[in-house]
Amino acid sequence: MLLIEALKVEVGGKEILRDVNMEIPAGETHILFGPNGSGKTSLMMTIMGFSGYKVVHGRILFKGEDITCMPIHERAQLGIGVMFQRPPTINGLKTRNLVEICAAGRDVSTAALARQLAFTEFLDRDVNHNFSGGEIKRSELLQLTAQQPDLVLLDEPESGVDLESISMIGESINGLLHRGVTFARGKTHKEIAEQPQKSALVITHTGHILDYITADRGQVLYDGVLCCSRNAREILKWIREYGYEECIRCTT
């Protein structure tokens, strides 16, 4: 689904990602750990194609197609979606209208999707205007659910969210990725088997989201370099016991 080869990225002339190699197979969810300032969000923004993130070496392939120089809207149309950690407030644009834009003409019931996320009362409010942390996350998930991307990029989905909301968010992420009981409700085993699973890259600093979603692989980004790749829960346990610095020592 996603292949990154020897990627080097600069922002404002400063190198922030160095020789990053990553592969996410179709149907897999990968967790990207790293301390603040390590380059996690920069990697996500580069994958999505945001301006200011200059690829000076390497390439990014999505479903076999080189998207390294492709504009954002074309990447979204190909099937990449993103949940921002701190999305902007958009005054004058109702959440309902944004969700309809994300659906891009698909037969989607905005009201039904909003009910699943307990978000109905926010549909006619301006996007993210005076939303709490949990409400912003649900708004982002609502947009992604309408878009139905093949690759989902989630930046710190647990940040700024209370314990009650994070459970709902985790369940919604599993539903979006077609994993777990959320997707199974009301569907036959044949329907579940025939529905292709989506791929995801989930960025986290604390690792709390692992209590609510299923991950196939974990990786650590430290100082712009990917330095570890193994079972996500093993990595989290190691980080909690020894800190991120030990990930560097372990692989050198």
# chains A, B, ... in the order shown; residues from 1 in each chain; ligands from 1

$ residues_around --residues "Gly58 of chain A" --least-positions-apart "5" --cutoff "12 Å" --atoms "only C-alpha atoms" --output "PyMOL selection string"
chain A and resi 3-9+17-22+46+66-69

$ write_last_selection --atoms "C-alpha atoms" --output "PDB file, in the first residue's frame"
ATOM      1  CA  LEU A   3       6.455   2.222   0.129  1.00  0.00           C
ATOM      2  CA  ILE A   4       8.988   4.871   1.152  1.00  0.00           C
ATOM      3  CA  GLU A   5      12.536   4.547  -0.134  1.00  0.00           C
ATOM      4  CA  ALA A   6      15.629   6.420   1.137  1.00  0.00           C
ATOM      5  CA  LEU A   7      13.573   9.515   1.917  1.00  0.00           C
ATOM      6  CA  LYS A   8      15.320  12.727   2.923  1.00  0.00           C
ATOM      7  CA  VAL A   9      13.219  15.811   3.670  1.00  0.00           C
ATOM      8  CA  LEU A  17      14.110  13.295   7.901  1.00  0.00           C
ATOM      9  CA  ARG A  18      17.122  11.181   6.942  1.00  0.00           C
ATOM     10  CA  ASP A  19      17.168   8.016   4.850  1.00  0.00           C
ATOM     11  CA  VAL A  20      13.671   6.902   5.898  1.00  0.00           C
ATOM     12  CA  ASN A  21      12.598   3.510   4.536  1.00  0.00           C
ATOM     13  CA  MET A  22       9.106   2.229   5.311  1.00  0.00           C
ATOM     14  CA  THR A  46       5.388  14.678   3.510  1.00  0.00           C
ATOM     15  CA  ASP A  66       5.111   7.276  -7.534  1.00  0.00           C
ATOM     16  CA  ILE A  67       3.425  10.169  -5.703  1.00  0.00           C
ATOM     17  CA  THR A  68       6.591  11.990  -4.572  1.00  0.00           C
ATOM     18  CA  CYS A  69       5.780  15.125  -6.578  1.00  0.00           C
TER      19      CYS A  69
END

$ residues_around --residues "Leu144 of chain A" --least-positions-apart "2" --cutoff "10 Å" --atoms "only C-alpha atoms" --output "compact mmCIF listing (two decimals) with C-alpha atoms, in the first residue's frame"
# COMPACT_ATOMS: atom_id res chain seq x y z
CA ILE A 80 -4.97 8.81 1.18
CA GLY A 81 -6.73 10.44 4.13
CA VAL A 82 -5.38 12.22 7.19
CA MET A 83 -6.50 13.03 10.73
CA VAL A 99 -18.37 15.84 5.29
CA CYS A 102 -15.21 14.39 1.68
CA ALA A 103 -17.80 11.87 0.46
CA ARG A 138 -14.67 12.85 16.16
CA SER A 139 -15.04 15.52 13.48
CA GLU A 140 -11.85 14.33 11.80
CA LEU A 141 -13.01 10.70 11.97
CA LEU A 142 -16.39 11.64 10.51
CA ALA A 146 -17.10 9.77 4.55
CA GLN A 147 -13.94 9.79 2.41
CA GLN A 148 -13.17 6.06 2.89
CA PRO A 149 -9.45 6.30 2.01
CA VAL A 152 -5.32 6.42 6.73
CA LEU A 153 -2.77 8.69 8.42
CA ILE A 173 -10.88 3.83 14.07
CA LEU A 176 -12.94 2.80 9.65

$ select_by_dssp --residues "segment 15-235 of chain A" --states "strand (DSSP E or B)" --output "PyMOL selection string"
chain A and resi 15-24+29-33+54-62+65-66+80-83+90-94+126-127+151-155+199-204+217-222+225-230

$ residues_around --residues "segment 23-39 of chain A" --least-positions-apart "5" --cutoff "7 Å" --atoms "only C-alpha atoms" --output "list in words"
Met1, Leu2, Leu3, Ile4, Ile16, Leu17, Gln197, Lys198, Ser199, Ala200, Leu201, Val202, Ile203, Thr204, His205, Ala215, Asp216, Arg217, Gly218, Gln219, Val220, Leu221, Tyr222, Asp223, Gly224 and Ala232 of chain A

$ closest_residue --among "A:His129, A:Lys40, A:Gly49, A:Glu246" --to "Asn91 of chain A" --atoms "only C-alpha atoms"
A:His129

$ select_by_dssp --residues "segment 23-213 of chain A" --states "alpha helix (DSSP H)" --output "PyMOL selection string"
chain A and resi 40-48+72-78+95-103+110-116+133-147+163-176+181-184+189-194

$ closest_residue --among "A:Tyr212, A:Ala76, A:Leu151, A:Thr206" --to "Ile235 of chain A" --atoms "only C-alpha atoms"
A:Thr206

$ residues_around --residues "His208 of chain A" --least-positions-apart "5" --cutoff "12 Å" --atoms "only C-alpha atoms" --output "list in words"
Ile31, Phe33, Glu156, Pro157, Glu158, Ser159, Gly160, Val161, Asp162, Leu163, Ile166, Ser167, Ile169, Gly170, Val202, Ile203, Ile213, Thr214, Ala232, Arg233, Leu236, Lys237 and Arg240 of chain A

$ write_last_selection --atoms "N, CA and C atoms" --output "mmCIF file, in the first residue's frame"
data_model
loop_
_atom_site.group_PDB
_atom_site.id
_atom_site.type_symbol
_atom_site.label_atom_id
_atom_site.label_comp_id
_atom_site.auth_asym_id
_atom_site.auth_seq_id
_atom_site.Cartn_x
_atom_site.Cartn_y
_atom_site.Cartn_z
ATOM 1 N N ILE A 31 2.170 1.423 13.777
ATOM 2 C CA ILE A 31 2.266 2.478 14.783
ATOM 3 C C ILE A 31 3.639 3.127 14.678
ATOM 4 N N PHE A 33 6.078 5.423 16.707
ATOM 5 C CA PHE A 33 6.422 6.032 17.985
ATOM 6 C C PHE A 33 7.525 7.068 17.783
ATOM 7 N N GLU A 156 -1.540 11.413 16.327
ATOM 8 C CA GLU A 156 -1.849 11.507 17.760
ATOM 9 C C GLU A 156 -3.362 11.468 18.023
ATOM 10 N N PRO A 157 -4.046 10.394 17.633
ATOM 11 C CA PRO A 157 -5.508 10.353 17.815
ATOM 12 C C PRO A 157 -5.968 10.396 19.262
ATOM 13 N N GLU A 158 -5.062 10.100 20.214
ATOM 14 C CA GLU A 158 -5.453 10.101 21.621
ATOM 15 C C GLU A 158 -5.152 11.403 22.334
ATOM 16 N N SER A 159 -4.449 12.330 21.681
ATOM 17 C CA SER A 159 -4.043 13.559 22.369
ATOM 18 C C SER A 159 -5.229 14.478 22.606
ATOM 19 N N GLY A 160 -5.297 15.055 23.810
ATOM 20 C CA GLY A 160 -6.363 15.987 24.157
ATOM 21 C C GLY A 160 -7.723 15.361 24.301
ATOM 22 N N VAL A 161 -7.776 14.043 24.518
ATOM 23 C CA VAL A 161 -9.039 13.322 24.568
ATOM 24 C C VAL A 161 -9.201 12.683 25.944
ATOM 25 N N ASP A 162 -10.403 12.807 26.532
ATOM 26 C CA ASP A 162 -10.638 12.193 27.839
ATOM 27 C C ASP A 162 -10.860 10.691 27.684
ATOM 28 N N LEU A 163 -10.861 9.970 28.801
ATOM 29 C CA LEU A 163 -10.928 8.516 28.766
ATOM 30 C C LEU A 163 -12.236 8.006 28.159
ATOM 31 N N ILE A 166 -11.905 8.518 24.252
ATOM 32 C CA ILE A 166 -10.884 7.751 23.550
ATOM 33 C C ILE A 166 -11.370 6.344 23.218
ATOM 34 N N SER A 167 -12.235 5.787 24.071
ATOM 35 C CA SER A 167 -12.799 4.477 23.779
ATOM 36 C C SER A 167 -13.647 4.530 22.511
ATOM 37 N N ILE A 169 -13.380 6.755 20.126
ATOM 38 C CA ILE A 169 -12.494 7.046 19.008
ATOM 39 C C ILE A 169 -11.772 5.783 18.550
ATOM 40 N N GLY A 170 -11.289 4.978 19.508
ATOM 41 C CA GLY A 170 -10.637 3.722 19.150
ATOM 42 C C GLY A 170 -11.572 2.790 18.417
ATOM 43 N N VAL A 202 -0.330 5.156 12.245
ATOM 44 C CA VAL A 202 -0.826 5.863 13.424
ATOM 45 C C VAL A 202 0.353 6.429 14.196
ATOM 46 N N ILE A 203 0.399 7.730 14.303
ATOM 47 C CA ILE A 203 1.469 8.408 15.037
ATOM 48 C C ILE A 203 1.069 8.549 16.501
ATOM 49 N N ILE A 213 -6.872 -0.003 19.676
ATOM 50 C CA ILE A 213 -6.813 -0.458 18.296
ATOM 51 C C ILE A 213 -5.813 -1.608 18.175
ATOM 52 N N THR A 214 -5.927 -2.355 17.079
ATOM 53 C CA THR A 214 -5.033 -3.472 16.820
ATOM 54 C C THR A 214 -3.950 -3.035 15.835
ATOM 55 N N ALA A 232 4.490 -3.795 17.986
ATOM 56 C CA ALA A 232 4.225 -2.470 18.556
ATOM 57 C C ALA A 232 4.167 -2.499 20.075
ATOM 58 N N ARG A 233 3.567 -3.527 20.659
ATOM 59 C CA ARG A 233 3.464 -3.590 22.121
ATOM 60 C C ARG A 233 4.821 -3.851 22.766
ATOM 61 N N LEU A 236 6.505 -0.459 22.806
ATOM 62 C CA LEU A 236 5.927 0.405 23.833
ATOM 63 C C LEU A 236 6.426 0.004 25.220
ATOM 64 N N LYS A 237 6.469 -1.292 25.492
ATOM 65 C CA LYS A 237 6.964 -1.772 26.786
ATOM 66 C C LYS A 237 8.418 -1.343 26.989
ATOM 67 N N ARG A 240 8.643 2.445 27.686
ATOM 68 C CA ARG A 240 8.198 2.783 29.038
ATOM 69 C C ARG A 240 9.249 2.410 30.080
#

$ atom_distance --atom1 "atom CA of Leu113 of chain A" --atom2 "atom CA of Thr145 of chain A"
7.6 Å

$ closest_residue --among "A:Leu123, A:Ile72, A:Ile136, A:Leu226" --to "Gln85 of chain A" --atoms "only C-alpha atoms"
A:Ile136

$ closest_residue --among "A:Asn174, A:Gln77, A:Thr95, A:Ser51" --to "Gly12 of chain A" --atoms "only C-alpha atoms"
A:Ser51

$ atom_distance --atom1 "atom CA of Gly133 of chain A" --atom2 "atom CA of Phe50 of chain A"
23.4 Å

$ atom_distance --atom1 "atom CA of Met48 of chain A" --atom2 "atom CA of Ala111 of chain A"
28.0 Å

$ closest_residue --among "A:Val127, A:Thr41, A:Lys54, A:Ile47" --to "Glu10 of chain A" --atoms "only C-alpha atoms"
A:Lys54
